[in-house]
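Data first, discussion second: the structure below is written as structure tokens.
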Amino acid sequence: MAQIAADGVLVPGSAGAPVAHPALRFLAQLDAALSAHERATDTGDADPLTVMRDAARRAVEESRRV
């Protein structure tokens with residue numbers, strides 16, 4: 001998400017035309033993973049950065065299986 005924020009939602013494609021940032025394809029999976037984590041945890045003690053990093057890893061792993 002930080003990379004999308006740094007690069008912008010639209011980036012130059014191979015032909016130079018603006019296209020959606022390639023990392024956006026993981027956004028729905030990341031959101032689903034974070035939502036599932038929020039429902040599963042109610043302690044609030046987990047480090048948010050660690051939670052987000054783990055959710056991103058799971059989303060990438062899941063996308064590779066598809």
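Letters A, B, ... mark the chains of the structure tokens in the order given; residue numbers begin at 1 per chain; ligand numbers begin at 1, in order shown.
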>> Just want the 9 Å neighbourhood of Leu27 of chain A, counted on only C-alpha atoms, with same-chain residues fewer than 3 positions away dropped. Output as a PyMOL selection string.
In response: chain A and resi 1+23-24+30-32+56+59
Can I get the selection written as a short mmCIF file (atom, residue, chain, number, x, y, z; two decimals), in the first residue's frame, with N, CA and C atoms?
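Saved file out-v6.cif follows:
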```cif
data_model
loop_
_atom_site.label_atom_id
_atom_site.label_comp_id
_atom_site.auth_asym_id
_atom_site.auth_seq_id
_atom_site.Cartn_x
_atom_site.Cartn_y
_atom_site.Cartn_z
N MET A 1 0.82 -1.18 0.00
CA MET A 1 0.00 0.00 0.00
C MET A 1 0.87 1.25 0.00
N ALA A 23 0.06 -3.32 -8.27
CA ALA A 23 -0.18 -3.80 -6.90
C ALA A 23 -1.65 -3.69 -6.51
N LEU A 24 -2.44 -2.92 -7.25
CA LEU A 24 -3.86 -2.79 -6.91
C LEU A 24 -4.60 -4.12 -7.03
N LEU A 30 -5.99 -8.28 0.19
CA LEU A 30 -5.43 -7.71 1.41
C LEU A 30 -6.54 -7.23 2.33
N ASP A 31 -7.53 -6.56 1.75
CA ASP A 31 -8.66 -6.08 2.54
C ASP A 31 -9.40 -7.25 3.18
N ALA A 32 -9.61 -8.33 2.42
CA ALA A 32 -10.30 -9.50 2.97
C ALA A 32 -9.49 -10.13 4.11
N ALA A 56 -0.56 -9.11 3.92
CA ALA A 56 -0.06 -8.91 2.56
C ALA A 56 0.64 -10.17 2.06
N ALA A 59 -1.98 -12.69 1.14
CA ALA A 59 -2.65 -12.31 -0.10
C ALA A 59 -1.80 -12.64 -1.31
#
```
> Could you state the separation of atom CA of Met52 of chain A and atom CA of Leu34 of chain A in Å, given to one decimal place?
Replying inline: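 Interatomic distance here is 7.0 Å.
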> Closest to Val9 of chain A among A:Arg25, A:Ala33, A:Ala55, A:Val60, using only C-alpha atoms?
Replying inline: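 Of all the options, A:Arg25 lies closest to Val9 of chain A.
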> Which is closest to Asp54 of chain A among A:Ala28, A:Ala17, A:His37, A:Val11, if we use only C-alpha atoms?
Replying inline: A:His37
> Hey, what does DSSP flag as strand (DSSP E) within segment 8-51 of chain A? Can you give it to me as a ChimeraX atom specification?
Replying inline: /A:10-12,18-20
>> Could you tell me how far atom CA of Ala2 of chain A sits from atom CA of Ala15 of chain A, in Å to one decimal place?
In response: 24.8 Å
>> Between atom CA of Ala6 of chain A and atom CA of Ala20 of chain A, what is the distance in Å, rounded to a tenth?
In response: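 Result for atom CA of Ala6 of chain A versus atom CA of Ala20 of chain A: 13.6 Å, one decimal.
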